[in-house]
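my_file.csv (CSV, C-alpha atoms) appears below.
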```
chain,number,residue,atom,x,y,z
A,1,MET,CA,16.0,-16.6,-21.0
A,2,PRO,CA,18.6,-15.2,-23.2
A,3,ASN,CA,21.8,-17.0,-22.3
A,4,ILE,CA,23.6,-14.0,-20.8
A,5,PRO,CA,24.4,-13.2,-17.2
A,6,PHE,CA,21.3,-12.2,-15.2
A,7,HIS,CA,23.2,-9.2,-13.8
A,8,LEU,CA,23.6,-7.9,-17.3
A,9,ARG,CA,19.9,-7.9,-17.9
A,10,SER,CA,18.4,-4.4,-18.3
A,11,GLY,CA,16.5,-2.7,-21.0
A,12,GLY,CA,19.4,-1.4,-23.1
A,13,HIS,CA,21.4,-4.5,-22.8
A,14,ILE,CA,18.5,-6.7,-23.8
A,15,ARG,CA,17.9,-4.6,-26.9
A,16,ASP,CA,21.6,-4.9,-27.8
A,17,TRP,CA,21.4,-8.7,-27.3
A,18,ASN,CA,18.3,-9.0,-29.6
A,19,ILE,CA,19.9,-6.8,-32.2
A,20,LEU,CA,22.8,-9.2,-32.2
A,21,LEU,CA,20.4,-12.2,-32.6
A,22,PHE,CA,18.6,-10.4,-35.4
A,23,LEU,CA,22.0,-9.7,-37.2
A,24,ASN,CA,23.0,-13.3,-36.8
A,25,GLN,CA,19.7,-14.5,-38.3
A,26,SER,CA,20.4,-12.1,-41.2
A,27,GLY,CA,23.7,-13.9,-41.7
A,28,ILE,CA,25.8,-11.2,-40.1
A,29,LYS,CA,28.3,-11.9,-37.2
A,30,PRO,CA,29.4,-8.4,-36.2
A,31,HIS,CA,32.5,-7.2,-34.2
A,32,ILE,CA,31.6,-5.9,-30.8
A,33,VAL,CA,33.2,-3.1,-28.8
A,34,TYR,CA,32.1,-2.8,-25.2
A,35,PHE,CA,32.7,-0.5,-22.2
A,36,LYS,CA,32.3,-1.3,-18.6
A,37,ALA,CA,29.7,0.8,-16.9
A,38,GLY,CA,30.3,0.1,-13.2
A,39,GLU,CA,30.2,-3.7,-13.7
A,40,LYS,CA,32.8,-5.9,-12.0
A,41,TYR,CA,33.0,-8.5,-14.7
A,42,SER,CA,34.3,-8.9,-18.3
A,43,PHE,CA,33.2,-11.3,-21.0
A,44,ASN,CA,35.1,-14.5,-21.1
A,45,ASP,CA,36.0,-16.3,-24.3
A,46,ASP,CA,33.3,-18.9,-23.6
A,47,SER,CA,30.6,-16.2,-23.2
A,48,PRO,CA,27.5,-16.8,-25.4
A,49,LEU,CA,28.1,-13.3,-26.7
A,50,CYS,CA,31.4,-14.5,-28.3
A,51,GLU,CA,29.5,-17.2,-30.2
A,52,LYS,CA,27.4,-14.6,-31.9
A,53,CYS,CA,30.3,-12.3,-32.9
A,54,SER,CA,33.3,-12.2,-35.1
A,55,SER,CA,35.2,-10.6,-32.3
A,56,VAL,CA,34.6,-9.0,-28.9
A,57,HIS,CA,36.8,-6.1,-27.9
A,58,PHE,CA,36.9,-4.5,-24.4
A,59,ALA,CA,37.7,-0.8,-24.9
A,60,CYS,CA,37.9,0.5,-21.3
A,61,GLU,CA,35.7,1.5,-18.3
A,62,ARG,CA,33.6,4.6,-18.7
A,63,LEU,CA,34.3,7.3,-16.1
A,64,GLU,CA,31.7,6.7,-13.4
A,65,ILE,CA,32.3,9.9,-11.3
A,66,THR,CA,33.1,13.0,-13.3
A,67,ASP,CA,31.8,15.6,-10.9
A,68,LYS,CA,33.4,15.7,-7.4
A,69,THR,CA,31.6,18.8,-6.3
A,70,ILE,CA,28.2,20.5,-6.8
A,71,THR,CA,30.1,23.3,-8.6
A,72,GLN,CA,31.6,20.8,-11.1
A,73,LYS,CA,28.2,19.3,-11.7
A,74,LEU,CA,26.7,22.7,-12.3
A,75,LYS,CA,29.5,23.6,-14.7
A,76,ARG,CA,28.9,20.4,-16.7
A,77,LYS,CA,25.2,21.0,-17.0
A,78,LEU,CA,25.7,24.6,-18.0
A,79,SER,CA,28.1,23.4,-20.7
A,80,TYR,CA,25.1,21.8,-22.4
A,81,LEU,CA,23.8,25.2,-23.3
A,82,PHE,CA,26.9,26.5,-25.1
A,83,PRO,CA,28.3,25.8,-28.6
A,84,LEU,CA,30.8,22.9,-29.0
A,85,GLY,CA,34.3,24.2,-29.2
A,86,ASN,CA,37.8,23.9,-27.7
A,87,GLU,CA,37.6,27.2,-26.1
A,88,GLY,CA,34.6,26.4,-23.8
A,89,PHE,CA,32.8,29.3,-22.3
A,90,SER,CA,35.5,31.5,-20.8
A,91,PHE,CA,33.3,33.7,-18.6
A,92,PHE,CA,32.2,30.7,-16.4
A,93,ASN,CA,35.5,28.8,-17.2
A,94,ILE,CA,33.4,26.0,-18.7
A,95,GLU,CA,35.0,23.1,-20.5
A,96,PRO,CA,34.0,22.2,-24.1
A,97,VAL,CA,30.5,20.8,-24.4
A,98,LEU,CA,29.7,17.3,-23.2
A,99,TYR,CA,26.2,15.8,-23.7
A,100,PRO,CA,23.8,14.8,-21.0
A,101,PHE,CA,23.6,11.0,-21.7
A,102,SER,CA,27.2,10.6,-23.0
A,103,TYR,CA,29.4,12.6,-20.8
A,104,GLN,CA,30.8,9.6,-18.9
A,105,TYR,CA,31.8,8.1,-22.3
A,106,ASP,CA,33.0,11.4,-23.8
A,107,ALA,CA,35.3,11.7,-20.8
A,108,ILE,CA,37.3,8.6,-22.0
A,109,ASN,CA,37.0,9.5,-25.7
A,110,ALA,CA,34.7,6.5,-26.4
A,111,GLY,CA,34.2,7.6,-30.0
A,112,ASP,CA,37.9,7.5,-30.8
A,113,LYS,CA,38.2,4.0,-29.2
A,114,ILE,CA,35.3,2.6,-31.3
A,115,LEU,CA,36.7,4.2,-34.5
A,116,LYS,CA,40.2,2.7,-33.8
A,117,TYR,CA,38.8,-0.8,-33.6
A,118,ALA,CA,36.4,-0.3,-36.5
A,119,LEU,CA,39.4,0.6,-38.7
A,120,LYS,CA,41.3,-2.4,-37.4
A,121,VAL,CA,38.5,-4.8,-38.4
A,122,LYS,CA,37.8,-2.9,-41.6
A,123,ALA,CA,34.2,-2.3,-40.6
A,124,GLU,CA,31.9,-0.9,-43.3
A,125,ILE,CA,29.0,-0.1,-40.9
A,126,VAL,CA,29.0,0.9,-37.2
A,127,ILE,CA,25.9,0.7,-35.0
A,128,LEU,CA,26.2,3.4,-32.3
A,129,ARG,CA,23.9,4.0,-29.4
A,130,ALA,CA,22.1,7.3,-30.2
A,131,PHE,CA,23.8,9.1,-27.3
A,132,LEU,CA,27.1,8.9,-29.1
A,133,CYS,CA,25.7,10.3,-32.4
A,134,HIS,CA,27.9,13.5,-32.1
A,135,ASN,CA,30.8,11.3,-33.1
A,136,ILE,CA,29.3,10.5,-36.5
A,137,SER,CA,31.6,12.7,-38.6
A,138,MET,CA,34.8,10.8,-37.6
A,139,PHE,CA,33.3,7.6,-38.9
A,140,GLN,CA,31.9,9.0,-42.1
A,141,LYS,CA,35.2,10.7,-42.9
A,142,GLU,CA,36.6,7.2,-43.0
A,143,GLY,CA,33.9,6.0,-45.3
A,144,ILE,CA,32.1,4.0,-42.5
A,145,LYS,CA,28.3,4.2,-42.5
A,146,VAL,CA,26.6,4.8,-39.2
A,147,ILE,CA,23.3,3.4,-37.8
A,148,ALA,CA,22.0,5.1,-34.7
A,149,ASN,CA,20.4,2.6,-32.3
A,150,CYS,CA,17.8,4.4,-30.2
A,151,PRO,CA,16.4,2.4,-27.3
A,152,ASP,CA,14.7,5.8,-26.6
A,153,TYR,CA,14.3,9.1,-28.5
A,154,ASN,CA,16.4,10.8,-25.8
A,155,THR,CA,14.9,14.3,-26.4
A,156,HIS,CA,11.5,12.9,-25.6
A,157,LEU,CA,12.9,10.9,-22.7
A,158,ALA,CA,14.5,14.1,-21.3
A,159,GLN,CA,11.1,15.8,-21.5
A,160,GLU,CA,9.5,12.9,-19.6
A,161,MET,CA,12.2,13.1,-16.9
A,162,ILE,CA,11.2,16.8,-16.3
A,163,LYS,CA,7.7,15.5,-15.4
A,164,THR,CA,9.1,13.1,-12.8
A,165,GLN,CA,10.2,16.0,-10.5
A,166,LYS,CA,7.5,17.8,-8.5
A,167,ASN,CA,9.8,20.3,-6.9
A,168,PRO,CA,10.4,23.2,-9.3
A,169,LEU,CA,14.0,23.6,-8.2
A,170,LYS,CA,14.7,19.9,-8.9
A,171,LYS,CA,13.4,20.5,-12.5
A,172,ILE,CA,16.5,22.7,-13.3
A,173,GLY,CA,18.8,19.8,-13.9
A,174,PRO,CA,16.4,17.8,-16.1
A,175,TRP,CA,15.6,21.0,-18.1
A,176,LEU,CA,19.4,21.5,-18.8
A,177,ASN,CA,19.6,17.8,-19.8
A,178,TYR,CA,16.6,18.4,-22.2
A,179,LEU,CA,18.2,21.4,-23.8
A,180,GLY,CA,21.5,19.7,-24.2
A,181,VAL,CA,20.3,16.5,-25.7
A,182,LYS,CA,17.8,18.3,-28.0
A,183,LYS,CA,20.7,20.3,-29.4
A,184,GLN,CA,22.7,17.1,-29.8
A,185,GLU,CA,20.0,15.1,-31.6
A,186,MET,CA,18.8,18.0,-33.8
A,187,LYS,CA,22.3,18.5,-35.0
A,188,TYR,CA,23.7,15.0,-35.4
A,189,LEU,CA,21.0,12.3,-35.7
A,190,GLN,CA,19.9,13.5,-39.1
A,191,LEU,CA,23.4,12.9,-40.3
A,192,CYS,CA,23.2,9.2,-39.6
A,193,ASP,CA,22.7,6.8,-42.5
A,194,GLU,CA,19.9,5.0,-40.7
A,195,ILE,CA,18.1,5.3,-37.3
A,196,TRP,CA,16.5,2.3,-35.5
A,197,VAL,CA,13.7,3.4,-33.2
A,198,PRO,CA,11.4,1.2,-31.0
A,199,THR,CA,7.9,2.7,-31.6
A,200,GLN,CA,5.9,4.5,-34.2
A,201,LYS,CA,5.5,7.3,-31.6
A,202,GLU,CA,9.3,8.0,-31.9
A,203,ILE,CA,9.1,7.9,-35.7
A,204,ASP,CA,6.3,10.5,-35.7
A,205,LEU,CA,8.2,12.8,-33.3
A,206,MET,CA,11.6,12.5,-35.0
A,207,SER,CA,10.3,12.9,-38.5
A,208,SER,CA,9.9,16.6,-37.8
A,209,PHE,CA,13.6,17.0,-38.3
A,210,ILE,CA,14.8,13.7,-39.9
A,211,ARG,CA,14.0,12.3,-43.3
A,212,LYS,CA,11.4,9.5,-42.9
A,213,ASP,CA,13.3,7.1,-45.1
A,214,LYS,CA,16.1,7.1,-42.5
A,215,LEU,CA,13.8,6.2,-39.7
A,216,LYS,CA,13.3,2.4,-39.3
A,217,LEU,CA,10.9,0.8,-36.8
A,218,PHE,CA,13.0,-1.6,-34.8
A,219,PRO,CA,10.8,-2.5,-31.8
A,220,ASN,CA,12.0,-4.1,-28.5
A,221,LEU,CA,11.1,-7.6,-29.4
A,222,ILE,CA,12.7,-10.6,-27.7
A,223,ASP,CA,13.5,-14.3,-28.3
A,224,VAL,CA,10.2,-15.3,-26.6
A,225,GLU,CA,10.6,-19.0,-26.9
A,226,SER,CA,13.9,-18.9,-24.9
A,227,TYR,CA,12.0,-17.6,-21.9
A,228,PRO,CA,10.4,-20.0,-19.4
A,229,ASP,CA,6.6,-20.4,-19.8
A,230,TYR,CA,4.9,-19.9,-16.4
A,231,SER,CA,1.4,-19.6,-17.8
A,232,ASP,CA,0.4,-22.9,-16.4
A,233,GLU,CA,2.2,-22.5,-13.1
A,234,GLU,CA,0.6,-22.1,-9.7
A,235,THR,CA,1.5,-18.7,-8.3
A,236,GLU,CA,1.9,-17.4,-4.7
A,237,PRO,CA,-1.6,-16.2,-3.8
A,238,GLY,CA,-2.0,-12.5,-3.8
A,239,SER,CA,1.5,-11.8,-5.0
A,240,LEU,CA,2.4,-8.6,-7.1
A,241,LEU,CA,5.7,-8.0,-8.7
A,242,PHE,CA,7.5,-4.9,-10.1
A,243,VAL,CA,11.1,-5.0,-11.3
A,244,GLY,CA,13.3,-2.1,-12.1
A,245,ASN,CA,16.5,0.0,-11.4
A,246,TYR,CA,15.2,2.5,-8.9
A,247,ASP,CA,18.0,5.0,-9.7
A,248,TYR,CA,15.8,5.7,-12.7
A,249,THR,CA,13.2,8.1,-11.6
A,250,PRO,CA,10.2,6.7,-13.5
A,251,ASN,CA,10.8,3.3,-11.8
A,252,LEU,CA,11.1,5.0,-8.4
A,253,ASN,CA,7.9,6.9,-8.9
A,254,ALA,CA,6.2,3.7,-9.8
A,255,ALA,CA,7.5,2.0,-6.6
A,256,ASN,CA,6.2,5.0,-4.6
A,257,LEU,CA,2.8,4.7,-6.2
A,258,LEU,CA,2.7,1.0,-5.4
A,259,ILE,CA,3.7,1.5,-1.8
A,260,GLU,CA,1.7,4.6,-1.0
A,261,LYS,CA,-1.5,4.2,-3.1
A,262,ILE,CA,-2.0,1.0,-4.9
A,263,PHE,CA,-0.9,-1.8,-2.6
A,264,PRO,CA,-2.6,-0.4,0.6
A,265,ALA,CA,-5.9,-0.3,-1.3
A,266,VAL,CA,-5.4,-3.9,-2.5
A,267,LYS,CA,-4.4,-5.0,1.0
A,268,LYS,CA,-7.7,-3.7,2.4
A,269,GLU,CA,-9.6,-6.1,0.2
A,270,ILE,CA,-7.1,-9.0,0.1
A,271,SER,CA,-5.3,-9.3,3.5
A,272,TYR,CA,-2.8,-11.9,2.3
A,273,ALA,CA,-1.5,-9.8,-0.6
A,274,LYS,CA,2.2,-9.3,-1.0
A,275,LEU,CA,4.3,-6.9,-3.0
A,276,TYR,CA,7.7,-7.7,-4.4
A,277,LEU,CA,9.9,-4.8,-5.5
A,278,VAL,CA,13.0,-6.3,-7.1
A,279,GLY,CA,16.0,-4.3,-8.2
A,280,LYS,CA,18.7,-2.0,-6.9
A,281,GLY,CA,18.5,1.6,-5.9
A,282,LEU,CA,15.5,2.0,-3.5
A,283,PRO,CA,16.5,4.9,-1.3
A,284,LYS,CA,17.2,4.3,2.4
A,285,ASP,CA,14.2,6.2,3.7
A,286,LEU,CA,11.8,4.1,1.5
A,287,LEU,CA,13.5,0.9,2.6
A,288,ASN,CA,13.2,1.9,6.3
A,289,ARG,CA,9.5,2.7,5.8
A,290,ILE,CA,8.7,-0.6,4.1
A,291,SER,CA,10.8,-2.7,6.5
A,292,LYS,CA,7.9,-2.3,9.0
A,293,ASP,CA,5.5,-4.0,6.6
A,294,PRO,CA,6.3,-7.8,6.2
A,295,SER,CA,4.0,-7.9,3.2
A,296,ILE,CA,6.3,-5.7,1.1
A,297,ILE,CA,9.5,-7.5,0.1
A,298,ALA,CA,12.4,-5.6,-1.4
A,299,PRO,CA,15.4,-7.9,-2.0
A,300,GLY,CA,17.4,-5.4,-3.9
A,301,PHE,CA,19.6,-6.5,-6.8
A,302,VAL,CA,19.2,-10.2,-7.5
A,303,GLU,CA,21.3,-12.4,-9.8
A,304,ASN,CA,18.3,-14.4,-11.0
A,305,VAL,CA,14.9,-12.8,-11.4
A,306,LEU,CA,13.2,-16.0,-12.5
A,307,PRO,CA,11.9,-17.1,-9.1
A,308,TYR,CA,10.1,-13.8,-8.6
A,309,PHE,CA,8.4,-14.0,-12.0
A,310,LYS,CA,7.5,-17.6,-11.4
A,311,LYS,CA,5.7,-16.9,-8.1
A,312,ALA,CA,4.1,-13.6,-9.1
A,313,SER,CA,0.3,-13.7,-9.7
A,314,ILE,CA,0.4,-10.3,-11.5
A,315,PHE,CA,3.2,-8.1,-12.9
A,316,VAL,CA,2.3,-4.5,-12.0
A,317,CYS,CA,3.7,-1.6,-14.0
A,318,PRO,CA,2.4,1.8,-12.9
A,319,VAL,CA,4.8,3.8,-15.0
A,320,TYR,CA,3.4,7.1,-16.2
A,321,GLU,CA,6.6,8.8,-17.5
A,322,CYS,CA,8.3,6.8,-20.2
A,323,ALA,CA,9.7,6.9,-23.7
A,324,GLY,CA,10.4,4.0,-26.0
A,325,MET,CA,9.1,0.5,-25.4
A,326,LEU,CA,9.3,-1.1,-21.9
A,327,LEU,CA,11.2,-4.4,-22.1
A,328,LYS,CA,10.1,-5.4,-18.6
A,329,VAL,CA,6.5,-5.6,-19.9
A,330,VAL,CA,7.5,-7.5,-23.0
A,331,GLU,CA,9.4,-10.0,-20.8
A,332,ALA,CA,6.6,-10.4,-18.3
A,333,LEU,CA,4.1,-11.2,-21.2
A,334,ALA,CA,6.6,-13.7,-22.7
A,335,MET,CA,6.7,-15.6,-19.4
A,336,GLY,CA,2.9,-15.9,-19.3
A,337,LYS,CA,2.3,-13.2,-16.6
A,338,ILE,CA,-0.7,-11.0,-16.4
A,339,VAL,CA,0.5,-7.4,-16.8
A,340,ILE,CA,-1.5,-4.5,-15.4
A,341,GLY,CA,-0.3,-1.0,-16.2
A,342,PHE,CA,-1.2,2.5,-17.4
A,343,LYS,CA,-1.6,3.1,-21.1
A,344,GLU,CA,2.0,4.5,-21.2
A,345,SER,CA,3.4,1.2,-19.9
A,346,PHE,CA,2.4,-0.5,-23.1
A,347,ARG,CA,4.0,1.8,-25.7
A,348,GLY,CA,4.8,0.1,-28.9
A,349,ILE,CA,2.6,-3.0,-28.2
A,350,ASN,CA,-0.5,-3.7,-30.2
A,351,CYS,CA,-3.2,-1.8,-28.3
A,352,SER,CA,-6.1,-2.9,-30.5
A,353,ILE,CA,-6.3,-6.3,-28.7
A,354,GLU,CA,-5.1,-5.1,-25.3
A,355,HIS,CA,-8.0,-6.4,-23.2
A,356,GLN,CA,-7.5,-9.9,-24.4
A,357,ASN,CA,-3.8,-10.1,-23.3
A,358,TYR,CA,-3.1,-7.4,-20.7
A,359,LEU,CA,-4.9,-4.9,-18.7
A,360,THR,CA,-4.6,-1.1,-18.9
A,361,ALA,CA,-5.9,1.4,-16.3
A,362,ASN,CA,-6.7,5.0,-16.9
A,363,ASN,CA,-6.4,5.9,-13.2
A,364,LEU,CA,-5.4,4.5,-9.8
A,365,VAL,CA,-9.0,3.4,-9.0
A,366,GLN,CA,-9.1,1.2,-12.2
A,367,PHE,CA,-5.6,-0.1,-11.4
A,368,VAL,CA,-6.6,-1.3,-8.0
A,369,PHE,CA,-9.9,-2.7,-9.2
A,370,SER,CA,-8.1,-4.7,-11.9
A,371,ILE,CA,-5.6,-6.2,-9.4
A,372,ILE,CA,-8.3,-7.2,-7.0
A,373,GLU,CA,-10.5,-8.7,-9.7
A,374,ILE,CA,-7.6,-10.9,-11.1
A,375,LEU,CA,-6.5,-12.0,-7.7
A,376,ILE,CA,-10.0,-13.1,-6.6
A,377,ASP,CA,-10.9,-14.9,-9.9
A,378,LYS,CA,-8.5,-17.7,-10.5
A,379,ASN,CA,-10.1,-18.8,-13.8
A,380,LYS,CA,-9.8,-15.3,-15.2
A,381,ARG,CA,-6.2,-15.2,-14.0
A,382,MET,CA,-5.3,-18.5,-15.7
A,383,ASN,CA,-7.0,-17.5,-18.9
A,384,TYR,CA,-5.0,-14.2,-19.0
A,385,GLN,CA,-1.7,-16.0,-18.3
A,386,SER,CA,-2.2,-18.4,-21.2
A,387,ARG,CA,-3.2,-15.6,-23.6
A,388,ALA,CA,-0.2,-13.5,-22.6
A,389,ARG,CA,2.3,-16.1,-23.6
A,390,GLN,CA,0.6,-16.9,-26.9
A,391,PHE,CA,0.3,-13.1,-27.6
A,392,ALA,CA,4.0,-12.7,-26.9
A,393,ILE,CA,4.9,-15.6,-29.3
A,394,LYS,CA,2.8,-14.1,-32.0
A,395,GLU,CA,3.4,-10.4,-31.6
A,396,LEU,CA,6.5,-9.8,-29.5
A,397,SER,CA,9.0,-12.4,-30.8
A,398,ILE,CA,12.2,-11.3,-32.5
A,399,LYS,CA,11.1,-13.4,-35.5
A,400,SER,CA,8.5,-10.7,-36.2
A,401,LEU,CA,11.3,-8.3,-36.9
A,402,PHE,CA,11.7,-9.7,-40.3
A,403,LEU,CA,8.1,-8.8,-41.1
A,404,ILE,CA,8.3,-5.4,-39.4
A,405,PHE,CA,11.8,-4.4,-40.4
A,406,ASN,CA,11.9,-4.4,-44.2
A,407,LYS,CA,15.7,-3.8,-44.5
A,408,SER,CA,18.2,-5.6,-42.3
A,409,ILE,CA,21.1,-3.2,-42.8
A,410,VAL,CA,21.9,0.0,-44.7
A,411,THR,CA,23.2,-0.5,-48.2
```

Write the structure described by the file as structure tokens, please.
Amino acid sequence: MPNIPFHLRSGGHIRDWNILLFLNQSGIKPHIVYFKAGEKYSFNDDSPLCEKCSSVHFACERLEITDKTITQKLKRKLSYLFPLGNEGFSFFNIEPVLYPFSYQYDAINAGDKILKYALKVKAEIVILRAFLCHNISMFQKEGIKVIANCPDYNTHLAQEMIKTQKNPLKKIGPWLNYLGVKKQEMKYLQLCDEIWVPTQKEIDLMSSFIRKDKLKLFPNLIDVESYPDYSDEETEPGSLLFVGNYDYTPNLNAANLLIEKIFPAVKKEISYAKLYLVGKGLPKDLLNRISKDPSIIAPGFVENVLPYFKKASIFVCPVYECAGMLLKVVEALAMGKIVIGFKESFRGINCSIEHQNYLTANNLVQFVFSIIEILIDKNKRMNYQSRARQFAIKELSIKSLFLIFNKSIVT
């Protein structure tokens, strides 16, 4: 595994780590500015991160709770609809615009803090997460070029989040988020010197308002060979695994699909089947419900996910709503795990050879059938495991970035 703390391991953090590895392999040791986002730790001088950087600078903690009341939350979301300006929108007494995915950083002036350190180290280029792109002018005024790192195209992600809500009233918040982030990205992303996006789908969507020469395909590839190879390992019979932060609605919806539809159908055919739902954020009502079923194990947040991957017969990923490239799928394949998911779960991965290395399902019936078939047929399972690892080494390794990404940095 990448030599970073297991509790740091999530999609965006892994992408950041692999960008760092890519820069190192390109002969660049960047300066790092980081913010705490609810974590209880800081990087020590002996952190592997420090070995890859010229310097590591802790700026501050982001503001975790900005809304103390429903009224304040509503005011913040309404502010997404109105022009940026110091006067706000006086009729509703709304503060100047904050953006949906950056407001916790805007509240502590993250852009100013990054710029201050960039000037201190005489940076020529700054790589910003895309949700901070509205700060671009302050860097360019100082002659600093800006690369926007897009783990997701946030406008498309916001559209997907609208789909996750079935209750029309609960769609209001996601709709306001969508309108706010669309305004932000339409206005500012095109001003960046370069934009790194994870899939061709994002490039196609963003090229409607951004020059194509600025958009660079930078997929979510990983240092595959640093991951353990479980392709020859015996697994726990009948074990299914899903990993995610369930505060993120698409992951929660996937967990609900597994609990309510997929796993019960599998259990009818394979009585010894087990389902592991690893990660924080499962709501109490769901935890209470599954606590009555000993075949569903939900350990919550874990420091080390490796034992769960090692024992799993299949990594299941019934994610419908998504944007970008799911790193959990890439990692599972890297560890030699069979992955079964919907077509959307494999965004950015070579689909022309999918049935040789992973299994896609068009509906729940196919999903269940594929699980049962793999669990029953050990030889088929072992063949898939071996091919998954080899596929990851060939197609999903960070080494492939030098073939895919024809320019390592803006010039």

Residues at most 10 Å from Asn154 in chain A, counting only C-alpha atoms, excluding those fewer than 5 positions away in the same chain, as a list in words?
->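 So, after excluding close chain neighbours, the residues are Pro100, Phe101, Ala130, Phe131, Gln159, Glu160, Asn177, Tyr178, Val181, Lys182, Gln184, Glu185, Glu202, Ala323 and Gly324 of chain A.
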
Across A:Ala59, A:Leu359, A:Ile162, A:Leu282, the smallest distance to Tyr246 in chain A, with only C-alpha atoms counted, is shown by A:Leu282

Within 12 Å of range 254-257 of chain A: each range 279-298 of chain A residue with its shortest pair, all atoms listed in the file, as JSON lines:
```
{"residue": "A:Gly279", "atom": "CA", "partner": "A:Ala255", "partner_atom": "CA", "distance": 10.7}
{"residue": "A:Lys280", "atom": "CA", "partner": "A:Ala255", "partner_atom": "CA", "distance": 11.9}
{"residue": "A:Gly281", "atom": "CA", "partner": "A:Ala255", "partner_atom": "CA", "distance": 11.0}
{"residue": "A:Leu282", "atom": "CA", "partner": "A:Ala255", "partner_atom": "CA", "distance": 8.6}
{"residue": "A:Pro283", "atom": "CA", "partner": "A:Asn256", "partner_atom": "CA", "distance": 10.8}
{"residue": "A:Asp285", "atom": "CA", "partner": "A:Asn256", "partner_atom": "CA", "distance": 11.6}
{"residue": "A:Leu286", "atom": "CA", "partner": "A:Asn256", "partner_atom": "CA", "distance": 8.3}
{"residue": "A:Leu287", "atom": "CA", "partner": "A:Ala255", "partner_atom": "CA", "distance": 11.0}
{"residue": "A:Arg289", "atom": "CA", "partner": "A:Asn256", "partner_atom": "CA", "distance": 11.2}
{"residue": "A:Ile290", "atom": "CA", "partner": "A:Asn256", "partner_atom": "CA", "distance": 10.6}
{"residue": "A:Ile296", "atom": "CA", "partner": "A:Ala255", "partner_atom": "CA", "distance": 11.0}
{"residue": "A:Ile297", "atom": "CA", "partner": "A:Ala255", "partner_atom": "CA", "distance": 11.8}
{"residue": "A:Ala298", "atom": "CA", "partner": "A:Ala255", "partner_atom": "CA", "distance": 10.4}
```

Two-atom distance - CA of Tyr384 in chain A, CA of Thr235 in chain A (Å):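 Rounded to one decimal, the two atoms are 13.3 Å apart.
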
Of the candidates A:Ile114, A:Val302, A:Ile372, A:Leu21, which one gets nearest to Ser397 in chain A if we count all atoms listed in the file?
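Smallest separation from Ser397 in chain A among the options: A:Leu21.
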
message = Just to confirm, what's the straight-line distance from CA of Leu396 in chain A to CA of Cys50 in chain A in Å (one decimal)?
response =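 Distance between the two atoms: 25.4 Å.
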
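CA of Glu303 in chain A is found 18.0 Å from CA of Asn44 in chain A.
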
Any idea what's packed within 8 Å of Val316 in chain A, counting all atoms listed in the file, ignoring anything in its chain fewer than 5 positions away? Could you give it as number ranges by chain? A: 240-242, 339-341

For this session: Check the smallest atom-to-atom distance from each of A:Ala392, A:Leu375, A:Leu74, A:Leu179 to Ile349 in chain A using all atoms listed in the file, then report the winner.
Result: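 Checking each of A:Ala392, A:Leu375, A:Leu74, A:Leu179 against Ile349 in chain A, counting all atoms listed in the file, the winner is A:Ala392.
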
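Using all atoms listed in the file, the smallest distance between any of A:Asn245, A:Asn304, A:Gln190, A:Thr360 and Val146 in chain A comes from A:Gln190.
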
Residues within 10 Å of Ser386 in chain A, only C-alpha atoms, excluding chain neighbours under 2 positions, as a list in words: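 The residues satisfying every condition are Asp229, Tyr230, Ser231, Asp232, Leu333, Met335, Gly336, Lys337, Ile338, Asn357, Arg381, Met382, Asn383, Tyr384, Ala388, Arg389, Gln390 and Phe391 of chain A.
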
What would the file look like if the residues just selected were written as a compact mmCIF listing (two decimals), keeping the file's coordinate frame with C-alpha atoms?
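Result saved to out08.txt:
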```txt
# COMPACT_ATOMS: atom_id res chain seq x y z
CA ASP A 229 6.60 -20.40 -19.80
CA TYR A 230 4.90 -19.90 -16.40
CA SER A 231 1.40 -19.60 -17.80
CA ASP A 232 0.40 -22.90 -16.40
CA LEU A 333 4.10 -11.20 -21.20
CA MET A 335 6.70 -15.60 -19.40
CA GLY A 336 2.90 -15.90 -19.30
CA LYS A 337 2.30 -13.20 -16.60
CA ILE A 338 -0.70 -11.00 -16.40
CA ASN A 357 -3.80 -10.10 -23.30
CA ARG A 381 -6.20 -15.20 -14.00
CA MET A 382 -5.30 -18.50 -15.70
CA ASN A 383 -7.00 -17.50 -18.90
CA TYR A 384 -5.00 -14.20 -19.00
CA ALA A 388 -0.20 -13.50 -22.60
CA ARG A 389 2.30 -16.10 -23.60
CA GLN A 390 0.60 -16.90 -26.90
CA PHE A 391 0.30 -13.10 -27.60
```

Item to complete: Have a look at A:Lys310, A:Lys29, A:His57, A:Lys394 and name the one nearest to Ser42 in chain A; count only C-alpha atoms.
Response: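 Under the stated criterion, the closest residue is A:His57.
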
Residue with the minimum atom-to-atom distance to Phe139 in chain A, picked from A:Ala118, A:Ile108, A:Ala332, A:Ile28 with all atoms listed in the file counted, is A:Ala118

Tell me which protein, DNA and RNA residues are within 9 Å of Asn362 in chain A, counting only C-alpha atoms, leaving out same-chain ones fewer than 5 positions away, and put them as a list in words.
-> Gly341, Phe342, Lys343 and Phe367 of chain A
